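Participant: What follows is a structure written as structure tokens; I'll ask about it next.
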Amino acid sequence: PRRSILARLAGAPRRIGPVTRGHGWLYTERLRVPEEGLHLVRQKLAMAGPLLPRAEELPLELVVTAEDRAWAGARLAQAGITSGRPLVGFFPGAGWWHKTWPPDRFAALGDALQRDLGATILVLGGTRDVASTRAVAGRMQRAPVVLDSLTDLREPMALIDAVHLFVSNDT
């Protein structure tokens, strides 16, 4: 709603949005978007319909390419990770604090996987996740490999594709 209010105050000539939650008055074009059984991304694409008539036809699948895999392999090698040991990825960040698993739990799991399986732990995160990645790494008995401040969605996708096990919050 904040963006919608700003758009209205700024005099944006077209303000497109759903007729829900009493915010319809903010929009110049109100759309009824079915929510039941429709993926959130499809709901948002349906709202883009007046501007992008074929938006609903856009694919939702993200594919890790051979180029992405080559980048990940090089990045892991640069971090000193070689094949032969189980590789476990952690992503301790989340969009909402109440959807996070505590850093000490990630650390305890990482310690157990290192000790019992000889696993290499890879802690991933974006630019907003630095505090959570460092909190996990700082609590582990043996330092994991930390690759945070990732800025391109393809980077964590490729790194996640390279791990044997991935543990993440609701993100």
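Order determines the names: the first chain of the structure tokens is A, the second B, and so forth; residues in each chain are numbered 1 upward, and ligands are numbered 1 upward as they are shown.
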As a PyMOL selection string, please: all residues of segment 21-51 of chain A that backbone DSSP puts in helix (DSSP H, G or I).
Facilitator: chain A and resi 24-26+40-48
Participant: Restrict the selected residues to all heavy atoms and save them as an mmCIF file, in the first residue's frame.
Facilitator:
data_model
loop_
_atom_site.group_PDB
_atom_site.id
_atom_site.type_symbol
_atom_site.label_atom_id
_atom_site.label_comp_id
_atom_site.auth_asym_id
_atom_site.auth_seq_id
_atom_site.Cartn_x
_atom_site.Cartn_y
_atom_site.Cartn_z
ATOM 1 N N GLY A 24 -8.448 -0.628 -3.040
ATOM 2 C CA GLY A 24 -8.882 -0.383 -4.407
ATOM 3 C C GLY A 24 -8.945 1.084 -4.783
ATOM 4 O O GLY A 24 -8.718 1.444 -5.933
ATOM 5 N N TRP A 25 -9.223 1.945 -3.814
ATOM 6 C CA TRP A 25 -9.333 3.377 -4.097
ATOM 7 C C TRP A 25 -8.013 3.984 -4.548
ATOM 8 O O TRP A 25 -7.989 5.068 -5.123
ATOM 9 C CB TRP A 25 -9.869 4.120 -2.865
ATOM 10 C CG TRP A 25 -8.947 4.055 -1.680
ATOM 11 C CD1 TRP A 25 -8.870 3.070 -0.743
ATOM 12 C CD2 TRP A 25 -7.959 5.018 -1.323
ATOM 13 N NE1 TRP A 25 -7.899 3.334 0.179
ATOM 14 C CE2 TRP A 25 -7.314 4.549 -0.147
ATOM 15 C CE3 TRP A 25 -7.538 6.229 -1.862
ATOM 16 C CZ2 TRP A 25 -6.299 5.238 0.488
ATOM 17 C CZ3 TRP A 25 -6.515 6.926 -1.217
ATOM 18 C CH2 TRP A 25 -5.908 6.428 -0.060
ATOM 19 N N LEU A 26 -6.894 3.277 -4.323
ATOM 20 C CA LEU A 26 -5.589 3.794 -4.705
ATOM 21 C C LEU A 26 -5.309 3.641 -6.202
ATOM 22 O O LEU A 26 -4.419 4.287 -6.728
ATOM 23 C CB LEU A 26 -4.489 3.061 -3.928
ATOM 24 C CG LEU A 26 -4.490 3.287 -2.416
ATOM 25 C CD1 LEU A 26 -3.558 2.294 -1.742
ATOM 26 C CD2 LEU A 26 -4.070 4.711 -2.101
ATOM 27 N N LEU A 40 1.555 -17.201 -6.501
ATOM 28 C CA LEU A 40 1.707 -15.769 -6.255
ATOM 29 C C LEU A 40 2.310 -15.044 -7.454
ATOM 30 O O LEU A 40 1.890 -13.942 -7.803
ATOM 31 C CB LEU A 40 2.558 -15.536 -5.003
ATOM 32 C CG LEU A 40 2.807 -14.079 -4.621
ATOM 33 C CD1 LEU A 40 1.492 -13.377 -4.289
ATOM 34 C CD2 LEU A 40 3.750 -14.001 -3.443
ATOM 35 N N VAL A 41 3.280 -15.656 -8.105
ATOM 36 C CA VAL A 41 3.895 -15.026 -9.274
ATOM 37 C C VAL A 41 2.863 -14.871 -10.390
ATOM 38 O O VAL A 41 2.802 -13.834 -11.052
ATOM 39 C CB VAL A 41 5.123 -15.828 -9.766
ATOM 40 C CG1 VAL A 41 5.661 -15.262 -11.062
ATOM 41 C CG2 VAL A 41 6.199 -15.841 -8.695
ATOM 42 N N ARG A 42 2.037 -15.877 -10.573
ATOM 43 C CA ARG A 42 0.974 -15.789 -11.592
ATOM 44 C C ARG A 42 -0.025 -14.690 -11.233
ATOM 45 O O ARG A 42 -0.537 -13.996 -12.109
ATOM 46 C CB ARG A 42 0.259 -17.132 -11.744
ATOM 47 C CG ARG A 42 1.105 -18.190 -12.402
ATOM 48 C CD ARG A 42 1.114 -18.007 -13.913
ATOM 49 N NE ARG A 42 1.950 -19.032 -14.511
ATOM 50 C CZ ARG A 42 2.791 -18.794 -15.485
ATOM 51 N NH1 ARG A 42 2.897 -17.599 -16.006
ATOM 52 N NH2 ARG A 42 3.528 -19.762 -15.979
ATOM 53 N N GLN A 43 -0.300 -14.505 -9.951
ATOM 54 C CA GLN A 43 -1.193 -13.425 -9.525
ATOM 55 C C GLN A 43 -0.600 -12.068 -9.902
ATOM 56 O O GLN A 43 -1.293 -11.203 -10.435
ATOM 57 C CB GLN A 43 -1.422 -13.473 -8.009
ATOM 58 C CG GLN A 43 -2.194 -14.675 -7.524
ATOM 59 C CD GLN A 43 -2.242 -14.731 -6.013
ATOM 60 O OE1 GLN A 43 -2.238 -13.710 -5.334
ATOM 61 N NE2 GLN A 43 -2.291 -15.944 -5.478
ATOM 62 N N LYS A 44 0.682 -11.897 -9.640
ATOM 63 C CA LYS A 44 1.346 -10.619 -9.966
ATOM 64 C C LYS A 44 1.415 -10.408 -11.474
ATOM 65 O O LYS A 44 1.235 -9.292 -11.966
ATOM 66 C CB LYS A 44 2.740 -10.570 -9.353
ATOM 67 C CG LYS A 44 2.784 -10.728 -7.855
ATOM 68 C CD LYS A 44 1.966 -9.684 -7.136
ATOM 69 C CE LYS A 44 2.074 -9.871 -5.631
ATOM 70 N NZ LYS A 44 1.128 -9.081 -4.889
ATOM 71 N N LEU A 45 1.691 -11.471 -12.234
ATOM 72 C CA LEU A 45 1.727 -11.356 -13.691
ATOM 73 C C LEU A 45 0.349 -10.985 -14.242
ATOM 74 O O LEU A 45 0.248 -10.231 -15.212
ATOM 75 C CB LEU A 45 2.229 -12.652 -14.327
ATOM 76 C CG LEU A 45 3.721 -12.928 -14.182
ATOM 77 C CD1 LEU A 45 4.058 -14.319 -14.707
ATOM 78 C CD2 LEU A 45 4.551 -11.872 -14.893
ATOM 79 N N ALA A 46 -0.694 -11.496 -13.623
ATOM 80 C CA ALA A 46 -2.052 -11.147 -14.066
ATOM 81 C C ALA A 46 -2.291 -9.655 -13.892
ATOM 82 O O ALA A 46 -2.952 -9.016 -14.718
ATOM 83 C CB ALA A 46 -3.093 -11.953 -13.288
ATOM 84 N N MET A 47 -1.735 -9.062 -12.847
ATOM 85 C CA MET A 47 -1.892 -7.614 -12.646
ATOM 86 C C MET A 47 -1.090 -6.814 -13.665
ATOM 87 O O MET A 47 -1.421 -5.670 -13.946
ATOM 88 C CB MET A 47 -1.489 -7.230 -11.226
ATOM 89 C CG MET A 47 -2.548 -7.627 -10.211
ATOM 90 S SD MET A 47 -2.230 -6.960 -8.582
ATOM 91 C CE MET A 47 -0.890 -7.990 -8.030
ATOM 92 N N ALA A 48 -0.041 -7.410 -14.196
ATOM 93 C CA ALA A 48 0.750 -6.711 -15.217
ATOM 94 C C ALA A 48 0.081 -6.774 -16.587
ATOM 95 O O ALA A 48 0.510 -6.106 -17.523
ATOM 96 C CB ALA A 48 2.152 -7.316 -15.298
#
Participant: Could you check which of A:Arg142, A:Arg14, A:His98, A:Arg134 is closest to Ala112 of chain A, using only C-alpha atoms?
Facilitator: A:Arg142
Participant: I'd like to know which of A:Trp96, A:Tyr27, A:Phe90, A:Trp71 is closest to Thr133 of chain A, using only C-alpha atoms.
Facilitator: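 Checking each of A:Trp96, A:Tyr27, A:Phe90, A:Trp71 against Thr133 of chain A, counting only C-alpha atoms, the winner is A:Phe90.
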Participant: Please tabulate, as JSON lines, the residues of segment 31-138 of chain A that come within 9 Å of segment 158-165 of chain A, each with its closest pair of atoms and the distance in Å to one decimal, counting only C-alpha atoms and ordering rows by chain, then residue number upward.
Facilitator:
{"residue": "A:Val64", "atom": "CA", "partner": "A:Ala158", "partner_atom": "CA", "distance": 6.0}
{"residue": "A:Thr65", "atom": "CA", "partner": "A:Ala158", "partner_atom": "CA", "distance": 8.2}
{"residue": "A:Asp68", "atom": "CA", "partner": "A:Ala158", "partner_atom": "CA", "distance": 5.5}
{"residue": "A:Arg69", "atom": "CA", "partner": "A:Ala158", "partner_atom": "CA", "distance": 5.7}
{"residue": "A:Ala70", "atom": "CA", "partner": "A:Ala158", "partner_atom": "CA", "distance": 8.7}
{"residue": "A:Trp71", "atom": "CA", "partner": "A:Ala158", "partner_atom": "CA", "distance": 7.7}
{"residue": "A:Ala72", "atom": "CA", "partner": "A:Leu159", "partner_atom": "CA", "distance": 5.5}
{"residue": "A:Gly73", "atom": "CA", "partner": "A:Ala162", "partner_atom": "CA", "distance": 7.8}
{"residue": "A:Arg75", "atom": "CA", "partner": "A:Leu159", "partner_atom": "CA", "distance": 8.6}
{"residue": "A:Leu76", "atom": "CA", "partner": "A:Leu159", "partner_atom": "CA", "distance": 8.1}
{"residue": "A:Pro86", "atom": "CA", "partner": "A:His164", "partner_atom": "CA", "distance": 6.3}
{"residue": "A:Leu87", "atom": "CA", "partner": "A:Val163", "partner_atom": "CA", "distance": 5.1}
{"residue": "A:Val88", "atom": "CA", "partner": "A:Leu165", "partner_atom": "CA", "distance": 4.8}
{"residue": "A:Gly89", "atom": "CA", "partner": "A:Val163", "partner_atom": "CA", "distance": 6.0}
{"residue": "A:Phe90", "atom": "CA", "partner": "A:Leu165", "partner_atom": "CA", "distance": 8.6}
{"residue": "A:Leu122", "atom": "CA", "partner": "A:Val163", "partner_atom": "CA", "distance": 8.5}
{"residue": "A:Leu124", "atom": "CA", "partner": "A:Leu159", "partner_atom": "CA", "distance": 8.4}
Participant: Store the residues picked out above in a file with all heavy atoms, as a CSV table (one decimal), in the first residue's frame.
Facilitator:
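Output file out.csv is given in full below:
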chain,number,residue,atom,x,y,z
A,64,VAL,N,19.3,-23.7,-14.3
A,64,VAL,CA,20.7,-23.6,-14.1
A,64,VAL,C,21.4,-24.0,-15.4
A,64,VAL,O,21.3,-25.2,-15.8
A,64,VAL,CB,21.2,-24.4,-12.9
A,64,VAL,CG1,22.7,-24.2,-12.8
A,64,VAL,CG2,20.5,-23.9,-11.6
A,65,THR,N,22.1,-23.2,-16.1
A,65,THR,CA,22.7,-23.5,-17.4
A,65,THR,C,24.1,-24.1,-17.2
A,65,THR,O,24.7,-24.0,-16.1
A,65,THR,CB,22.9,-22.2,-18.2
A,65,THR,OG1,23.8,-21.3,-17.6
A,65,THR,CG2,21.5,-21.5,-18.4
A,68,ASP,N,26.3,-21.4,-15.9
A,68,ASP,CA,26.1,-21.2,-14.4
A,68,ASP,C,26.9,-22.3,-13.7
A,68,ASP,O,27.6,-22.0,-12.7
A,68,ASP,CB,24.7,-21.3,-14.0
A,68,ASP,CG,23.8,-20.3,-14.6
A,68,ASP,OD1,24.3,-19.1,-14.9
A,68,ASP,OD2,22.6,-20.6,-14.9
A,69,ARG,N,26.9,-23.5,-14.1
A,69,ARG,CA,27.6,-24.6,-13.4
A,69,ARG,C,29.1,-24.4,-13.5
A,69,ARG,O,29.8,-24.6,-12.6
A,69,ARG,CB,27.2,-25.9,-14.0
A,69,ARG,CG,25.8,-26.4,-13.6
A,69,ARG,CD,25.5,-27.8,-14.1
A,69,ARG,NE,24.2,-28.2,-13.6
A,69,ARG,CZ,23.1,-28.0,-14.4
A,69,ARG,NH1,23.1,-27.5,-15.6
A,69,ARG,NH2,21.9,-28.4,-13.9
A,70,ALA,N,29.6,-23.9,-14.7
A,70,ALA,CA,31.0,-23.7,-14.8
A,70,ALA,C,31.4,-22.5,-13.9
A,70,ALA,O,32.5,-22.6,-13.2
A,70,ALA,CB,31.3,-23.3,-16.3
A,71,TRP,N,30.6,-21.5,-13.8
A,71,TRP,CA,30.9,-20.4,-12.8
A,71,TRP,C,31.0,-20.9,-11.4
A,71,TRP,O,31.9,-20.6,-10.7
A,71,TRP,CB,29.8,-19.3,-12.9
A,71,TRP,CG,30.0,-18.2,-11.9
A,71,TRP,CD1,30.8,-17.1,-12.1
A,71,TRP,CD2,29.5,-18.2,-10.6
A,71,TRP,NE1,30.8,-16.4,-10.9
A,71,TRP,CE2,30.0,-17.0,-10.0
A,71,TRP,CE3,28.7,-19.0,-9.9
A,71,TRP,CZ2,29.7,-16.7,-8.7
A,71,TRP,CZ3,28.4,-18.7,-8.6
A,71,TRP,CH2,28.9,-17.5,-8.0
A,72,ALA,N,30.0,-21.7,-11.0
A,72,ALA,CA,29.9,-22.3,-9.6
A,72,ALA,C,31.2,-23.1,-9.4
A,72,ALA,O,31.8,-23.0,-8.3
A,72,ALA,CB,28.6,-23.1,-9.4
A,73,GLY,N,31.5,-24.0,-10.3
A,73,GLY,CA,32.7,-24.8,-10.2
A,73,GLY,C,34.0,-24.0,-9.9
A,73,GLY,O,34.8,-24.3,-9.1
A,75,ARG,N,34.1,-20.9,-8.9
A,75,ARG,CA,33.9,-20.1,-7.6
A,75,ARG,C,34.2,-21.0,-6.4
A,75,ARG,O,34.9,-20.6,-5.4
A,75,ARG,CB,32.5,-19.5,-7.5
A,75,ARG,CG,32.3,-18.6,-6.3
A,75,ARG,CD,33.2,-17.4,-6.4
A,75,ARG,NE,33.1,-16.5,-5.3
A,75,ARG,CZ,33.9,-16.6,-4.2
A,75,ARG,NH1,34.9,-17.5,-4.2
A,75,ARG,NH2,33.8,-15.8,-3.2
A,76,LEU,N,33.7,-22.3,-6.5
A,76,LEU,CA,34.0,-23.2,-5.4
A,76,LEU,C,35.5,-23.6,-5.3
A,76,LEU,O,36.1,-23.6,-4.2
A,76,LEU,CB,33.1,-24.5,-5.6
A,76,LEU,CG,31.6,-24.3,-5.4
A,76,LEU,CD1,30.8,-25.5,-5.8
A,76,LEU,CD2,31.3,-23.8,-3.9
A,86,PRO,N,31.3,-34.6,0.9
A,86,PRO,CA,29.9,-34.1,0.8
A,86,PRO,C,29.9,-32.6,0.9
A,86,PRO,O,30.7,-32.1,1.8
A,86,PRO,CB,29.2,-34.8,1.9
A,86,PRO,CG,30.0,-36.0,2.3
A,86,PRO,CD,31.4,-35.6,2.0
A,87,LEU,N,29.2,-31.9,0.1
A,87,LEU,CA,29.1,-30.5,0.1
A,87,LEU,C,27.7,-30.1,0.6
A,87,LEU,O,26.7,-30.5,-0.1
A,87,LEU,CB,29.4,-29.9,-1.2
A,87,LEU,CG,29.3,-28.3,-1.3
A,87,LEU,CD1,30.3,-27.7,-0.3
A,87,LEU,CD2,29.7,-27.9,-2.8
A,88,VAL,N,27.6,-29.4,1.7
A,88,VAL,CA,26.3,-29.0,2.3
A,88,VAL,C,26.2,-27.5,2.3
A,88,VAL,O,27.1,-26.8,2.7
A,88,VAL,CB,26.1,-29.5,3.7
A,88,VAL,CG1,24.8,-29.1,4.3
A,88,VAL,CG2,26.2,-31.1,3.7
A,89,GLY,N,25.1,-27.0,1.7
A,89,GLY,CA,24.9,-25.6,1.6
A,89,GLY,C,23.9,-25.1,2.7
A,89,GLY,O,22.8,-25.8,2.9
A,90,PHE,N,24.2,-24.0,3.3
A,90,PHE,CA,23.2,-23.4,4.3
A,90,PHE,C,22.9,-22.0,3.7
A,90,PHE,O,23.8,-21.3,3.2
A,90,PHE,CB,23.9,-23.2,5.6
A,90,PHE,CG,24.1,-24.4,6.5
A,90,PHE,CD1,24.8,-24.3,7.6
A,90,PHE,CD2,23.6,-25.6,6.1
A,90,PHE,CE1,25.0,-25.4,8.4
A,90,PHE,CE2,23.8,-26.7,6.9
A,90,PHE,CZ,24.5,-26.6,8.1
A,122,LEU,N,29.1,-24.9,3.2
A,122,LEU,CA,29.1,-23.7,2.4
A,122,LEU,C,27.9,-22.8,2.9
A,122,LEU,O,26.7,-23.2,2.8
A,122,LEU,CB,28.9,-24.1,1.0
A,122,LEU,CG,28.8,-22.9,-0.1
A,122,LEU,CD1,30.0,-22.1,-0.1
A,122,LEU,CD2,28.5,-23.5,-1.4
A,124,LEU,N,25.8,-19.6,2.4
A,124,LEU,CA,25.4,-18.6,1.3
A,124,LEU,C,24.5,-17.5,1.8
A,124,LEU,O,23.7,-17.7,2.7
A,124,LEU,CB,24.7,-19.4,0.1
A,124,LEU,CG,25.4,-20.6,-0.5
A,124,LEU,CD1,24.5,-21.3,-1.4
A,124,LEU,CD2,26.7,-20.1,-1.2
Participant: May I ask for the distance between atom CA of Thr82 of chain A and atom CA of Gly125 of chain A, given in Å to one decimal place?
Facilitator: 20.5 Å
Participant: My list of candidates is A:Arg128, A:Asp170, A:Ala135, A:Arg154. Which is closest to Ala66 of chain A when distances are computed with only C-alpha atoms?
Facilitator: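 Under the stated criterion, the closest residue is A:Arg154.
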Participant: Can you pull out every residue within 12 Å of Gly49 of chain A, counting only C-alpha atoms, but drop anything in the same chain fewer than 3 positions away, and send it as a list in words?
Facilitator: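 The contact residues come out as Ile16, Gly17, Pro18, Glu29, Arg30, Leu31, Arg32, Val33, Arg42, Gln43, Lys44, Leu45, Ala46, Leu52, Pro53, Arg54, Ala55, Glu56, Glu57 and Leu58 of chain A.
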Participant: Could you check how far atom CA of Ser132 of chain A sits from atom CA of Asp104 of chain A, in Å to one decimal?
Facilitator: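 So the two atoms, atom CA of Ser132 of chain A and atom CA of Asp104 of chain A, lie 10.6 Å apart.
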Participant: For Ala94 of chain A, list every protein, DNA or RNA residue within 7 Å, evaluated using only C-alpha atoms, and leave out those in the same chain fewer than 4 positions away; present the list as a list of chain:residue names.
Facilitator: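 Contacts, with the query itself left out: A:Lys99, A:Thr100, A:Asn169, A:Asp170, A:Thr171.
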Participant: So which bits of segment 58-142 of chain A end up strand (DSSP E or B) when you DSSP the backbone, as a PyMOL selection string?
Facilitator: chain A and resi 87-91+120-126
Participant: Please produce an output containing N, CA and C atoms for each residue in the selection, written as a PDB file, in the first residue's frame.
Facilitator:
ATOM      1  N   LEU A  87      29.193 -31.934   0.084  1.00  0.00           N
ATOM      2  CA  LEU A  87      29.093 -30.476   0.146  1.00  0.00           C
ATOM      3  C   LEU A  87      27.685 -30.114   0.589  1.00  0.00           C
ATOM      4  N   VAL A  88      27.588 -29.397   1.710  1.00  0.00           N
ATOM      5  CA  VAL A  88      26.296 -29.009   2.274  1.00  0.00           C
ATOM      6  C   VAL A  88      26.192 -27.493   2.256  1.00  0.00           C
ATOM      7  N   GLY A  89      25.103 -27.010   1.692  1.00  0.00           N
ATOM      8  CA  GLY A  89      24.869 -25.573   1.634  1.00  0.00           C
ATOM      9  C   GLY A  89      23.861 -25.134   2.678  1.00  0.00           C
ATOM     10  N   PHE A  90      24.164 -24.019   3.328  1.00  0.00           N
ATOM     11  CA  PHE A  90      23.236 -23.380   4.263  1.00  0.00           C
ATOM     12  C   PHE A  90      22.893 -22.000   3.714  1.00  0.00           C
ATOM     13  N   PHE A  91      21.653 -21.613   3.850  1.00  0.00           N
ATOM     14  CA  PHE A  91      21.238 -20.241   3.540  1.00  0.00           C
ATOM     15  C   PHE A  91      20.450 -19.760   4.755  1.00  0.00           C
ATOM     16  N   THR A 120      31.877 -30.617   3.856  1.00  0.00           N
ATOM     17  CA  THR A 120      32.283 -29.224   3.734  1.00  0.00           C
ATOM     18  C   THR A 120      31.003 -28.408   3.810  1.00  0.00           C
ATOM     19  N   ILE A 121      31.006 -27.384   4.653  1.00  0.00           N
ATOM     20  CA  ILE A 121      29.827 -26.536   4.824  1.00  0.00           C
ATOM     21  C   ILE A 121      30.044 -25.237   4.062  1.00  0.00           C
ATOM     22  N   LEU A 122      29.058 -24.907   3.241  1.00  0.00           N
ATOM     23  CA  LEU A 122      29.070 -23.696   2.433  1.00  0.00           C
ATOM     24  C   LEU A 122      27.908 -22.832   2.903  1.00  0.00           C
ATOM     25  N   VAL A 123      28.192 -21.652   3.427  1.00  0.00           N
ATOM     26  CA  VAL A 123      27.154 -20.753   3.925  1.00  0.00           C
ATOM     27  C   VAL A 123      26.963 -19.644   2.900  1.00  0.00           C
ATOM     28  N   LEU A 124      25.755 -19.580   2.365  1.00  0.00           N
ATOM     29  CA  LEU A 124      25.439 -18.645   1.281  1.00  0.00           C
ATOM     30  C   LEU A 124      24.525 -17.535   1.758  1.00  0.00           C
ATOM     31  N   GLY A 125      24.598 -16.408   1.060  1.00  0.00           N
ATOM     32  CA  GLY A 125      23.685 -15.313   1.356  1.00  0.00           C
ATOM     33  C   GLY A 125      23.857 -14.181   0.377  1.00  0.00           C
ATOM     34  N   GLY A 126      22.852 -13.341   0.346  1.00  0.00           N
ATOM     35  CA  GLY A 126      22.896 -12.136  -0.474  1.00  0.00           C
ATOM     36  C   GLY A 126      23.463 -10.975   0.325  1.00  0.00           C
TER      37      GLY A 126
END
Participant: Rounded to one decimal place, report the atom CA of Ser149 of chain A-atom CA of Ala119 of chain A distance in Å.
Facilitator: 23.0 Å
Participant: Counting only C-alpha atoms, figure out which residue out of A:Val63, A:Val136, A:Ala12, A:Val19 gets nearest to Pro102 of chain A.
Facilitator: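 Checking each candidate against Pro102 of chain A, we get A:Val136 as the closest.
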Participant: Which residue gives the smallest distance to Gln114 of chain A among A:Gly37, A:Gly11, A:Pro144, A:Pro59, with only C-alpha atoms counted?
Facilitator: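 Going through A:Gly37, A:Gly11, A:Pro144, A:Pro59 one by one, the smallest distance to Gln114 of chain A is for A:Pro144.
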